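File shown here: start.cif, holding mmCIF, C-alpha atoms.
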```cif
data_protein
#
loop_
_atom_site.label_atom_id
_atom_site.label_comp_id
_atom_site.auth_asym_id
_atom_site.auth_seq_id
_atom_site.Cartn_x
_atom_site.Cartn_y
_atom_site.Cartn_z
CA MET D 32 -23.71 -12.77 7.83
CA PRO D 33 -23.83 -16.26 6.31
CA PRO D 34 -21.81 -19.09 7.81
CA VAL D 35 -18.26 -19.26 6.53
CA ASP D 36 -17.09 -22.63 5.27
CA GLU D 37 -13.53 -23.84 5.46
CA MET D 38 -12.15 -24.79 2.01
CA ASN D 39 -9.85 -27.67 1.38
CA ASN D 40 -6.72 -25.91 2.58
CA THR D 41 -4.26 -28.10 0.67
CA LYS D 42 -5.94 -27.44 -2.67
CA LEU D 43 -6.27 -23.78 -1.88
CA LEU D 44 -2.63 -23.44 -0.90
CA SER D 45 -1.52 -25.24 -4.07
CA MET D 46 -3.64 -22.88 -6.14
CA LEU D 47 -2.32 -19.78 -4.41
CA LEU D 48 1.31 -20.83 -4.44
CA GLY D 49 0.95 -21.79 -8.10
CA THR D 50 -0.40 -18.34 -8.93
CA ALA D 51 2.35 -16.64 -6.93
CA GLY D 52 4.94 -18.86 -8.64
CA ILE D 53 3.69 -17.91 -12.09
CA ILE D 54 3.82 -14.22 -11.24
CA ILE D 55 7.36 -14.54 -9.89
CA LEU D 56 8.41 -16.46 -13.00
CA ILE D 57 6.94 -13.79 -15.28
CA LEU D 58 8.79 -11.10 -13.36
CA LEU D 59 12.05 -13.01 -13.60
CA LEU D 60 11.57 -13.74 -17.29
CA GLN D 61 11.02 -10.08 -17.93
CA ASN D 62 14.47 -9.56 -16.49
CA TYR D 63 13.26 -7.97 -13.28
CA SER D 64 16.20 -9.60 -11.58
CA VAL D 65 16.18 -9.98 -7.83
CA GLN D 66 19.93 -9.43 -7.61
CA TYR D 67 20.96 -6.59 -5.35
CA GLU D 68 22.56 -4.66 -8.19
CA SER D 69 19.31 -4.52 -10.10
CA LEU D 70 17.63 -3.03 -7.06
CA LEU D 71 19.87 -0.07 -7.65
CA SER D 72 19.44 -0.07 -11.39
CA GLN D 73 16.95 1.65 -13.61
CA LYS D 74 14.74 -1.42 -13.72
CA ALA D 75 14.20 -1.15 -10.00
CA GLY D 76 11.00 0.80 -10.51
CA ALA D 77 9.45 -2.12 -12.33
CA LEU D 78 10.70 -4.53 -9.68
CA SER D 79 9.15 -2.29 -7.09
CA LEU D 80 5.76 -2.50 -8.80
CA GLY D 81 6.23 -6.28 -9.08
CA ALA D 82 6.85 -6.48 -5.33
CA ILE D 83 3.78 -4.30 -4.69
CA PHE D 84 1.61 -6.58 -6.85
CA LEU D 85 3.01 -9.65 -5.13
CA THR D 86 2.32 -8.16 -1.71
CA GLY D 87 -1.26 -7.55 -2.79
CA LEU D 88 -1.56 -11.05 -4.19
CA ILE D 89 -0.49 -12.55 -0.89
CA THR D 90 -2.40 -10.25 1.44
CA GLY D 91 -5.66 -10.37 -0.55
CA GLY D 92 -6.98 -13.15 1.64
CA LEU D 93 -5.61 -11.85 4.90
CA THR D 94 -6.29 -8.56 6.61
CA CYS D 95 -8.11 -7.06 3.64
CA LEU D 96 -10.61 -9.90 3.69
CA ALA D 97 -11.09 -9.90 7.46
CA VAL D 98 -13.62 -7.10 7.50
CA GLN D 99 -14.27 -6.31 3.85
CA GLY D 100 -15.08 -9.94 3.03
CA GLY D 101 -17.57 -10.07 5.89
CA LEU D 102 -19.23 -6.85 4.79
CA LEU D 103 -19.43 -8.02 1.20
CA ALA D 104 -20.92 -11.32 2.37
CA SER D 105 -23.60 -9.35 4.24
CA THR D 106 -24.51 -7.48 1.07
CA ILE D 107 -24.65 -10.69 -0.97
CA ALA D 108 -26.78 -12.36 1.70
CA ARG D 109 -29.18 -9.41 1.68
CA ARG D 110 -29.47 -9.68 -2.10
CA HIS D 111 -30.29 -13.37 -1.76
CA GLU D 112 -32.99 -12.59 0.79
CA GLU D 113 -34.51 -10.06 -1.59
CA LYS D 114 -34.27 -12.52 -4.44
CA LEU D 115 -36.19 -15.08 -2.41
CA ALA D 116 -38.77 -12.44 -1.69
CA GLY D 117 -39.14 -11.95 -5.45
CA LYS D 118 -37.60 -8.51 -5.52
CA LEU D 119 -34.70 -9.35 -7.82
CA GLU D 120 -34.77 -11.29 -11.05
CA HIS D 121 -31.04 -11.72 -11.54
CA SER D 122 -28.62 -12.57 -8.84
CA GLY D 123 -25.30 -14.30 -8.41
CA ASN D 124 -22.17 -14.05 -6.32
CA ALA D 125 -19.74 -13.24 -9.12
CA LEU D 126 -21.34 -9.99 -10.27
CA PRO D 127 -21.53 -8.28 -6.86
CA ILE D 128 -17.95 -9.35 -6.04
CA LEU D 129 -16.68 -8.05 -9.39
CA THR D 130 -18.62 -4.81 -8.94
CA PHE D 131 -17.16 -4.48 -5.45
CA LEU D 132 -13.58 -5.10 -6.66
CA THR D 133 -13.84 -2.77 -9.66
CA SER D 134 -15.23 0.02 -7.56
CA LYS D 135 -12.54 -0.61 -4.95
CA LEU D 136 -9.82 -0.46 -7.62
CA ILE D 137 -11.11 2.86 -8.95
CA ALA D 138 -11.52 4.36 -5.48
CA TYR D 139 -8.02 3.34 -4.37
CA SER D 140 -6.46 4.60 -7.62
CA ILE D 141 -8.07 7.98 -6.99
CA LEU D 142 -6.87 7.88 -3.39
CA GLY D 143 -3.36 7.00 -4.63
CA ALA D 144 -3.40 10.00 -6.97
CA LEU D 145 -4.45 12.26 -4.09
CA LEU D 146 -1.74 10.86 -1.82
CA GLY D 147 0.84 11.20 -4.60
CA TRP D 148 -0.20 14.80 -5.01
CA LEU D 149 0.14 15.28 -1.24
CA GLY D 150 3.64 13.81 -1.45
CA SER D 151 4.52 16.12 -4.34
CA LEU D 152 4.20 19.05 -1.92
CA PHE D 153 7.33 17.70 -0.23
CA GLU D 154 9.23 17.88 -3.50
CA LEU D 155 9.65 21.59 -2.95
CA SER D 156 12.97 20.83 -1.29
CA LEU D 157 15.29 17.85 -1.42
CA SER D 158 15.75 17.76 2.35
CA ALA D 159 11.97 17.57 2.92
CA GLN D 160 11.81 14.78 0.39
CA VAL D 161 14.62 12.80 2.02
CA ILE D 162 12.96 13.15 5.44
CA MET D 163 9.60 12.08 3.99
CA GLN D 164 11.12 9.00 2.37
CA PHE D 165 12.79 8.00 5.63
CA VAL D 166 9.52 8.49 7.55
CA VAL D 167 7.66 6.38 4.96
CA ALA D 168 10.29 3.63 5.26
CA ILE D 169 10.18 3.66 9.08
CA PHE D 170 6.35 3.48 8.98
CA MET D 171 6.51 0.51 6.60
CA VAL D 172 9.08 -1.34 8.71
CA GLY D 173 6.93 -0.65 11.80
CA LEU D 174 3.90 -2.17 10.09
CA ALA D 175 5.95 -5.17 8.96
CA MET D 176 7.25 -5.67 12.53
CA ASN D 177 3.65 -5.55 13.74
CA MET D 178 2.64 -8.19 11.20
CA LEU D 179 5.50 -10.35 12.44
CA ASN D 180 4.33 -9.75 16.01
CA VAL D 181 7.82 -8.68 17.09
CA HIS D 182 6.70 -6.41 19.95
CA PRO D 183 3.35 -4.96 21.15
CA LEU D 184 4.81 -1.47 20.64
CA PHE D 185 4.60 -1.89 16.85
CA ARG D 186 0.79 -2.12 17.07
CA TYR D 187 0.80 1.66 17.50
CA PHE D 188 2.09 1.99 13.93
CA VAL D 189 -1.30 0.86 12.61
CA ILE D 190 -3.77 3.71 12.30
CA GLN D 191 -7.24 2.69 13.47
CA PRO D 192 -10.02 4.43 11.52
CA PRO D 193 -12.58 6.36 13.58
CA LYS D 194 -15.63 4.43 14.79
CA PHE D 195 -18.19 6.50 12.86
CA ILE D 196 -16.58 5.56 9.54
CA MET D 197 -16.89 1.88 10.34
CA LYS D 198 -20.54 2.39 11.27
CA MET D 199 -21.19 4.14 7.97
CA VAL D 200 -19.53 1.30 6.02
CA ARG D 201 -21.47 -1.36 7.91
CA LYS D 202 -24.72 0.49 7.24
CA THR D 203 -23.94 0.35 3.52
CA SER D 204 -23.34 -3.39 3.72
CA LYS D 205 -26.91 -3.87 4.95
CA ARG D 206 -28.39 -2.43 1.77
CA GLY D 207 -29.56 -5.05 -0.71
CA ASP D 208 -29.66 -3.02 -3.92
CA LEU D 209 -27.45 -3.43 -6.97
CA PHE D 210 -25.30 -0.45 -6.08
CA ALA D 211 -24.54 -1.64 -2.57
CA PRO D 212 -21.45 -3.73 -3.51
CA ALA D 213 -20.08 -0.86 -5.62
CA LEU D 214 -20.66 1.66 -2.86
CA LEU D 215 -19.14 -0.71 -0.33
CA GLY D 216 -16.08 -1.22 -2.55
CA ALA D 217 -15.55 2.52 -2.78
CA PHE D 218 -16.04 2.98 0.97
CA THR D 219 -13.28 0.51 1.77
CA VAL D 220 -10.82 3.37 1.22
CA CYS D 221 -12.00 4.58 4.63
CA ILE D 222 -11.03 1.34 6.41
CA PRO D 223 -7.58 0.40 5.08
CA CYS D 224 -5.84 -2.54 6.73
CA GLY D 225 -2.20 -2.41 7.84
CA THR D 226 -0.67 -3.54 4.55
CA THR D 227 -2.84 -1.09 2.61
CA GLN D 228 -1.70 1.68 4.94
CA ALA D 229 1.91 0.79 4.06
CA MET D 230 1.06 1.11 0.36
CA MET D 231 -0.66 4.43 1.04
CA ALA D 232 2.56 5.64 2.65
CA LEU D 233 4.47 4.47 -0.42
CA SER D 234 2.08 6.46 -2.63
CA ILE D 235 2.81 9.59 -0.61
CA GLY D 236 6.52 8.79 -0.93
CA SER D 237 6.24 8.63 -4.73
CA GLY D 238 5.57 12.37 -4.73
CA ASN D 239 3.63 12.07 -7.95
CA PRO D 240 -0.16 11.69 -8.49
CA LEU D 241 0.22 9.25 -11.41
CA MET D 242 2.77 7.11 -9.58
CA GLY D 243 0.63 7.19 -6.42
CA ALA D 244 -2.38 5.94 -8.41
CA VAL D 245 -0.28 3.22 -10.05
CA ILE D 246 1.11 2.03 -6.69
CA LEU D 247 -2.27 1.71 -4.95
CA GLY D 248 -3.96 0.46 -8.14
CA THR D 249 -1.32 -2.25 -8.59
CA PHE D 250 -1.66 -3.31 -4.96
CA ILE D 251 -5.46 -3.52 -5.10
CA LEU D 252 -5.26 -5.36 -8.42
CA GLY D 253 -2.94 -7.83 -6.71
CA THR D 254 -5.39 -8.38 -3.85
CA SER D 255 -8.27 -9.05 -6.24
CA PRO D 256 -7.71 -12.70 -7.37
CA LEU D 257 -7.58 -14.09 -3.84
CA PHE D 258 -10.32 -11.78 -2.65
CA PHE D 259 -12.55 -12.92 -5.52
CA THR D 260 -11.82 -16.61 -4.93
CA MET D 261 -12.40 -16.44 -1.20
CA GLY D 262 -15.46 -14.25 -1.63
CA TYR D 263 -16.96 -16.50 -4.30
CA PHE D 264 -16.55 -19.66 -2.26
CA ALA D 265 -17.34 -17.85 1.00
CA ALA D 266 -14.17 -19.35 2.40
CA LYS D 267 -11.33 -18.25 4.60
CA LEU D 268 -7.76 -19.35 5.14
CA GLY D 269 -6.82 -21.44 8.12
CA ASP D 270 -4.66 -19.90 10.86
CA ALA D 271 -1.50 -21.72 9.75
CA PHE D 272 -1.71 -20.30 6.24
CA GLN D 273 -2.59 -16.85 7.54
CA THR D 274 0.59 -16.89 9.61
CA LYS D 275 2.73 -17.99 6.64
CA PHE D 276 1.21 -15.46 4.27
CA THR D 277 1.58 -12.69 6.85
CA ARG D 278 5.30 -13.46 7.10
CA ILE D 279 5.76 -13.33 3.34
CA ALA D 280 3.82 -10.06 3.11
CA ALA D 281 5.85 -8.56 5.96
CA GLY D 282 9.05 -9.59 4.14
CA ALA D 283 7.84 -7.87 0.98
CA LEU D 284 7.08 -4.70 2.97
CA ILE D 285 10.59 -4.72 4.44
CA VAL D 286 12.10 -5.08 0.94
CA LEU D 287 10.03 -2.11 -0.27
CA ALA D 288 11.03 -0.08 2.81
CA LEU D 289 14.74 -0.87 2.29
CA TYR D 290 14.35 0.15 -1.31
CA ASN D 291 12.85 3.45 -0.15
CA ILE D 292 15.72 3.94 2.31
CA SER D 293 18.22 3.24 -0.49
CA GLY D 294 16.58 5.99 -2.55
CA ALA D 295 16.56 8.37 0.41
CA ILE D 296 20.26 7.73 1.14
CA ALA D 297 21.12 8.38 -2.50
CA LEU D 298 19.15 11.61 -2.44
CA SER D 299 20.70 12.64 0.86
CA GLY D 300 23.98 13.07 -1.02
CA SER D 301 22.70 16.56 -1.77
CA LEU D 302 22.15 17.56 1.85
CA GLY D 303 24.65 20.02 3.16
CA THR D 304 25.90 20.69 -0.34
CA GLU D 305 25.81 24.22 -1.48
CA LYS D 306 23.89 24.60 -4.71
CA GLN D 307 26.50 25.21 -7.34
CA GLU D 308 26.42 28.48 -9.18
CA VAL D 309 25.43 27.66 -12.72
CA LEU D 310 26.99 30.80 -14.09
CA SER D 311 30.50 30.21 -12.82
CA GLU D 312 33.23 31.01 -15.26
CA SER D 313 34.55 28.27 -17.45
CA SER D 314 36.00 28.38 -20.90
CA VAL D 315 34.97 24.91 -22.08
CA ILE D 316 31.29 24.27 -22.76
CA GLU D 317 30.12 20.70 -23.20
CA GLU D 318 26.65 19.92 -24.48
CA LYS D 319 25.06 16.61 -23.51
CA THR D 320 21.61 15.09 -23.88
CA ILE D 321 19.75 12.65 -21.69
CA GLU D 322 16.52 11.08 -22.92
CA PHE D 323 13.84 9.98 -20.45
CA GLN D 324 12.46 6.61 -21.51
CA GLN D 325 9.59 4.80 -19.77
CA THR D 326 11.83 3.14 -17.18
CA ALA D 327 15.28 4.58 -17.77
CA TYR D 328 17.49 7.57 -18.42
CA VAL D 329 19.35 7.06 -21.72
CA PRO D 330 22.31 7.10 -21.76
CA ASP D 331 22.84 6.18 -18.15
CA THR D 332 26.53 7.05 -18.28
CA LEU D 333 27.99 10.33 -19.51
CA GLU D 334 31.49 11.75 -19.53
CA VAL D 335 32.37 15.38 -18.98
CA SER D 336 35.70 17.12 -18.50
CA ALA D 337 36.68 18.31 -15.04
CA GLY D 338 35.99 21.99 -14.54
CA SER D 339 34.02 22.31 -17.76
CA ARG D 340 30.73 24.11 -18.08
CA VAL D 341 28.06 21.53 -18.95
CA LYS D 342 24.83 22.24 -20.75
CA LEU D 343 22.55 19.26 -20.23
CA SER D 344 19.44 18.86 -22.39
CA LEU D 345 16.78 16.73 -20.74
CA VAL D 346 14.36 15.29 -23.30
CA ASN D 347 11.41 13.46 -21.77
CA LYS D 348 10.08 11.12 -24.43
CA ALA D 349 8.11 8.63 -22.33
CA GLY D 350 9.05 8.93 -18.66
CA GLY D 351 6.07 9.13 -16.32
CA GLY D 352 6.02 9.26 -12.52
CA CYS D 353 9.08 10.18 -10.50
CA ILE D 354 11.38 9.81 -13.53
CA GLN D 355 10.17 13.28 -14.51
CA ALA D 356 11.95 14.78 -11.50
CA PHE D 357 15.60 14.72 -12.63
CA THR D 358 18.05 15.23 -9.79
CA ILE D 359 21.80 15.53 -9.36
CA PRO D 360 22.02 15.29 -5.56
CA LYS D 361 25.73 16.21 -5.19
CA LEU D 362 25.15 19.50 -6.97
CA GLY D 363 21.74 20.10 -5.36
CA LEU D 364 20.21 20.36 -8.83
CA LYS D 365 16.64 19.35 -9.62
CA LYS D 366 14.49 19.84 -12.69
CA ILE D 367 10.94 18.68 -13.42
CA VAL D 368 10.63 17.60 -17.06
CA ARG D 369 7.08 16.62 -18.04
CA ILE D 370 6.44 13.96 -20.72
CA GLY D 371 6.89 15.42 -24.20
CA SER D 372 8.87 18.43 -23.01
CA THR D 373 12.54 19.37 -22.98
CA GLU D 374 14.40 21.33 -20.33
CA THR D 375 17.99 22.44 -20.02
CA ILE D 376 20.19 22.68 -16.97
CA GLU D 377 23.67 24.11 -16.79
CA PHE D 378 26.33 23.49 -14.22
CA THR D 379 30.06 23.48 -13.79
CA ALA D 380 31.66 20.08 -13.41
CA PRO D 381 33.88 19.59 -10.33
CA ASN D 382 37.56 20.37 -10.87
CA LYS D 383 38.62 16.93 -9.68
CA PRO D 384 37.83 13.70 -11.57
CA GLY D 385 35.10 11.56 -9.98
CA THR D 386 31.47 10.68 -10.43
CA LEU D 387 28.19 12.58 -10.18
CA ASP D 388 25.13 10.38 -9.78
CA PHE D 389 21.88 11.51 -11.31
CA MET D 390 18.49 10.01 -10.51
CA CYS D 391 14.77 10.51 -10.23
CA SER D 392 13.30 12.12 -7.12
CA MET D 393 12.86 8.73 -5.44
CA GLY D 394 16.29 7.40 -6.35
CA MET D 395 14.63 4.62 -8.36
CA PHE D 396 16.02 5.40 -11.81
CA ARG D 397 19.70 6.24 -11.90
CA GLY D 398 22.73 7.06 -13.97
CA THR D 399 26.24 8.47 -13.61
CA ILE D 400 28.15 11.43 -14.98
CA ARG D 401 31.85 10.58 -15.00
CA VAL D 402 34.06 13.59 -14.52
CA VAL D 403 37.40 12.93 -16.26
CA MET J 236 -29.41 -2.44 33.73
CA LYS J 237 -26.41 -1.09 31.83
CA GLN J 238 -23.06 -2.71 32.54
CA THR J 239 -19.61 -1.98 31.17
CA LEU J 240 -16.96 -4.61 30.77
CA GLN J 241 -13.34 -4.60 29.70
CA LEU J 242 -11.81 -7.67 28.07
CA THR J 243 -8.36 -8.40 26.70
CA ILE J 244 -8.53 -9.66 23.14
CA GLU J 245 -5.92 -11.99 21.68
CA GLY J 246 -5.46 -13.03 18.07
CA MET J 247 -6.04 -9.71 16.29
CA HIS J 248 -3.55 -8.92 13.54
CA CYS J 249 -4.96 -5.69 12.22
CA THR J 250 -7.39 -2.86 13.00
CA SER J 251 -9.83 -4.65 10.68
CA CYS J 252 -10.18 -7.36 13.32
CA ALA J 253 -11.05 -4.72 15.92
CA MET J 254 -13.69 -3.28 13.59
CA ASP J 255 -15.05 -6.76 12.94
CA ILE J 256 -15.47 -7.43 16.67
CA ASP J 257 -17.16 -4.06 17.32
CA GLY J 258 -19.54 -4.42 14.38
CA THR J 259 -20.59 -7.97 15.20
CA LEU J 260 -21.17 -7.17 18.88
CA GLU J 261 -23.16 -4.03 18.13
CA ASP J 262 -25.37 -6.03 15.76
CA THR J 263 -26.24 -8.32 18.68
CA GLU J 264 -29.30 -7.57 20.77
CA GLY J 265 -28.43 -6.44 24.25
CA VAL J 266 -25.09 -4.87 23.31
CA LEU J 267 -25.23 -1.08 23.55
CA GLU J 268 -21.72 -0.16 22.45
CA ALA J 269 -18.45 -1.92 21.67
CA ASN J 270 -15.05 -0.30 21.27
CA THR J 271 -12.01 -2.42 20.53
CA ASN J 272 -8.62 -0.75 20.65
CA TYR J 273 -6.25 -2.67 18.42
CA ALA J 274 -3.04 -1.18 19.81
CA ARG J 275 -4.00 -1.89 23.44
CA GLN J 276 -5.80 -5.15 22.54
CA VAL J 277 -8.69 -4.17 24.79
CA LEU J 278 -12.43 -4.40 24.18
CA THR J 279 -14.70 -2.09 26.15
CA VAL J 280 -18.31 -3.18 25.83
CA SER J 281 -21.50 -1.76 27.32
CA PHE J 282 -24.51 -4.04 27.50
CA ASN J 283 -27.91 -4.54 29.04
CA ASP J 284 -27.45 -7.28 31.64
CA GLU J 285 -31.02 -8.46 31.21
CA GLN J 286 -30.32 -9.49 27.62
CA MET J 287 -26.58 -10.12 27.54
CA THR J 288 -23.91 -11.74 29.72
CA LYS J 289 -20.13 -11.70 29.83
CA GLU J 290 -20.08 -15.36 28.77
CA LYS J 291 -22.16 -14.62 25.67
CA ILE J 292 -19.85 -11.76 24.70
CA VAL J 293 -16.79 -13.99 25.11
CA SER J 294 -18.53 -16.63 23.01
CA ILE J 295 -19.35 -14.13 20.19
CA VAL J 296 -15.73 -12.94 20.13
CA SER J 297 -14.53 -16.56 20.03
CA SER J 298 -16.86 -17.33 17.12
CA LEU J 299 -15.01 -14.63 15.14
CA GLY J 300 -11.69 -16.38 15.74
CA TYR J 301 -10.32 -14.30 18.65
CA ARG J 302 -9.83 -15.02 22.32
CA ALA J 303 -11.39 -12.76 24.97
CA LYS J 304 -10.53 -12.93 28.66
#
```
Let me see the file written as structure tokens.
Amino acid sequence: MPPVDEMNNTKLLSMLLGTAGIIILILLLQNYSVQYESLLSQKAGALSLGAIFLTGLITGGLTCLAVQGGLLASTIARRHEEKLAGKLEHSGNALPILTFLTSKLIAYSILGALLGWLGSLFELSLSAQVIMQFVVAIFMVGLAMNMLNVHPLFRYFVIQPPKFIMKMVRKTSKRGDLFAPALLGAFTVCIPCGTTQAMMALSIGSGNPLMGAVILGTFILGTSPLFFTMGYFAAKLGDAFQTKFTRIAAGALIVLALYNISGAIALSGSLGTEKQEVLSESSVIEEKTIEFQQTAYVPDTLEVSAGSRVKLSLVNKAGGGCIQAFTIPKLGLKKIVRIGSTETIEFTAPNKPGTLDFMCSMGMFRGTIRVV
Amino acid sequence: MKQTLQLTIEGMHCTSCAMDIDGTLEDTEGVLEANTNYARQVLTVSFNDEQMTKEKIVSIVSSLGYRAK
């Protein structure tokens, strides 16, 4: 492994904070408001992805770089040795780092899709889904507490990969060929750091392969700028900055976990509720339509008469991910509506005026049926 | 002659650090096996005492940015 030089920390911090500031500004300009109400709104999904990207952006030079950066440096050093020995005609640091990062992005997106699929198995019942979301949130908070060094007990939340996997990855890093960085990038899925493990949990919680891939892909994309910069200059952050960045990343994890808990609480409204008989007698039939847009149910507010029989057409025009799993927790109703398809659900509105919330399976995208 | 040593490691913030310590030590001549448990913050290392000493191991760990004692 080549010697690691310390960069000018002030310049580096300015650069990183500037980048983070720009990202935050873009998110705010796009109306991904950080107000509490918007966390509960239909734009929360986008905010969630913004927070995931930001977490990646901040942690890219921390835990992810601790081992992976060293391994990548070994590969680059080996390539330089071979170049000196006349074995390679073209060589440079940028290409192997980019190859490494691209391969890593693809590998993690595939892993995210697999984890999302795994999570979708829990969608068989609402109670299993609520439990899973709570477990995911607890795991994330545990990891955040570990990052903040709150208590030694929280170290047990981090899953340590088996030794043989690490040996296999290290062996790859000692290869000097062109494919070594790509192979190494793909193998990093076997040695996820704490923050990555939190994102993996979030992918499982999404309960959808596409959403799982987007979550892990967004996170890895976020880690890439800092990883590239540090890798290119063979630099590392000083302890003081590591501590600050760790705190920010832990804060972001807690926000994501709270967001998950909020979704789980909303979904838990269905627990203990008997599934309403859709064929109950009612003389009045009301027909309503809800369209699934990319990040919203439209309209997000409907009115139905108390005691009426409601026929709800669900038209999915552009809603991917968890938005496809339409849920009315209070009635214990759930319907999967794939993009481009239309489904219908029927139910009898409660006899007393009130509200029925509807939402996606994660509680991210929401709306209300007002019973009048 | 083979010797086994247990050291407490301070300064790790992730399992990646544990993997880093193990890998670096095992790449060093004289070290037979290194196992760092992140949760317990303990390094168990086996080495050949004719080629390696406790002081050298502590020094290698320190060079990675962690404290061993």
Matched chain/residue IDs from the PyMOL selection byres ((chain J and resi 258) around 8), as a list in words: Met197, Lys198 and Arg201 of chain D; Met254, Asp255, Ile256, Asp257, Thr259, Leu260, Glu261, Asp262 and Ala269 of chain J
Coordinates of box centre and edge lengths for range 256-269 of chain J, 8 Å on every side, axis-aligned, as lines of an AutoDock Vina configuration file:
```
center_x = -22.4
center_y = -4.2
center_z = 19.3
size_x = 29.8
size_y = 24.2
size_z = 25.9
```
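If all atoms listed in the file are the atoms counted, then among D:Tyr139, D:Phe153, D:Phe357, D:Phe188 the closest residue to Ala244 in chain D is D:Tyr139.
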Residues returned when the PyMOL selection byres ((chain D) within 8 of (chain J)) runs on this file, as a ChimeraX atom specification: /D:94-95,97-98,177-178,183-184,186-187,189-192,197-198,201,222-225
Close residues, range 282-286 of chain J itself excluded, 6 Å, all atoms listed in the file, min 3 positions apart in chain, as a PyMOL selection string: chain J and resi 236-238+265-267
Top pick for closest residue to Gly294 in chain D, considering D:Ala327, D:Leu85, D:Val181, D:Cys353 and counting all atoms listed in the file: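 Distance minimum relative to Gly294 in chain D lands on D:Cys353.
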Neighbours of point (-17.4, -10.0, 26.0) within 10 Å, using only C-alpha atoms, written as a PyMOL selection string: chain J and resi 239-244+256+260+266+269+278-282+287-297+302-304
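One finds CA of Leu343 in chain D at 5.9 Å from CA of Glu318 in chain D.
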Resolved residues for the PyMOL selection byres ((chain D and resi 164) around 10) as a list in words: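 Those residues are Gly150, Phe153, Ser158, Ala159, Gln160, Val161, Ile162, Met163, Phe165, Val166, Val167, Ala168, Ile169, Phe170, Ala232, Leu233, Ile235, Gly236, Ser237, Gly238, Ala288, Asn291, Ile292, Ser293, Gly294, Ala295, Ile296, Leu298 and Met393 of chain D.
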Best match for closeness to Ile316 in chain D among D:Phe378, D:Phe389, D:Tyr263, D:Phe258, counting only C-alpha atoms: D:Phe378
Non-local contacts of Gly351 in chain D (7 Å; only C-alpha atoms; under 3 positions in same chain excluded) as a PyMOL selection string: chain D and resi 325+354-355+370
Answer as a ChimeraX atom specification, residues within 7 Å of (-19.5, -4.9, -3.2) using only C-alpha atoms: /D:103,127-128,130-132,211-216
Only C-alpha atoms, please: the residues just picked out, written as an mmCIF file, in the coordinates of the input.
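Wrote part17.cif, looks like this:
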```
data_model
loop_
_atom_site.group_PDB
_atom_site.id
_atom_site.type_symbol
_atom_site.label_atom_id
_atom_site.label_comp_id
_atom_site.auth_asym_id
_atom_site.auth_seq_id
_atom_site.Cartn_x
_atom_site.Cartn_y
_atom_site.Cartn_z
ATOM 1 C CA LEU D 103 -19.430 -8.020 1.200
ATOM 2 C CA PRO D 127 -21.530 -8.280 -6.860
ATOM 3 C CA ILE D 128 -17.950 -9.350 -6.040
ATOM 4 C CA THR D 130 -18.620 -4.810 -8.940
ATOM 5 C CA PHE D 131 -17.160 -4.480 -5.450
ATOM 6 C CA LEU D 132 -13.580 -5.100 -6.660
ATOM 7 C CA ALA D 211 -24.540 -1.640 -2.570
ATOM 8 C CA PRO D 212 -21.450 -3.730 -3.510
ATOM 9 C CA ALA D 213 -20.080 -0.860 -5.620
ATOM 10 C CA LEU D 214 -20.660 1.660 -2.860
ATOM 11 C CA LEU D 215 -19.140 -0.710 -0.330
ATOM 12 C CA GLY D 216 -16.080 -1.220 -2.550
#
```
d(CA of Thr133 in chain D, CA of Asn239 in chain D) in Å: 23.0 Å
Nearest-residue call for Phe276 in chain D, choices D:Leu179, D:Ala356, D:Leu80, D:Leu364, using all atoms listed in the file: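 Looking only at the distances to Phe276 in chain D, the closest residue turns out to be D:Leu179.
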Of the listed residues D:Cys221, D:Met395, D:Ala175, D:Ala349, that which approaches Ala297 in chain D most closely, counting all atoms listed in the file: D:Met395
Computed interatomic separation between CA of Thr277 in chain D and CA of Ile89 in chain D (Å):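 These two atoms are separated by 8.0 Å.
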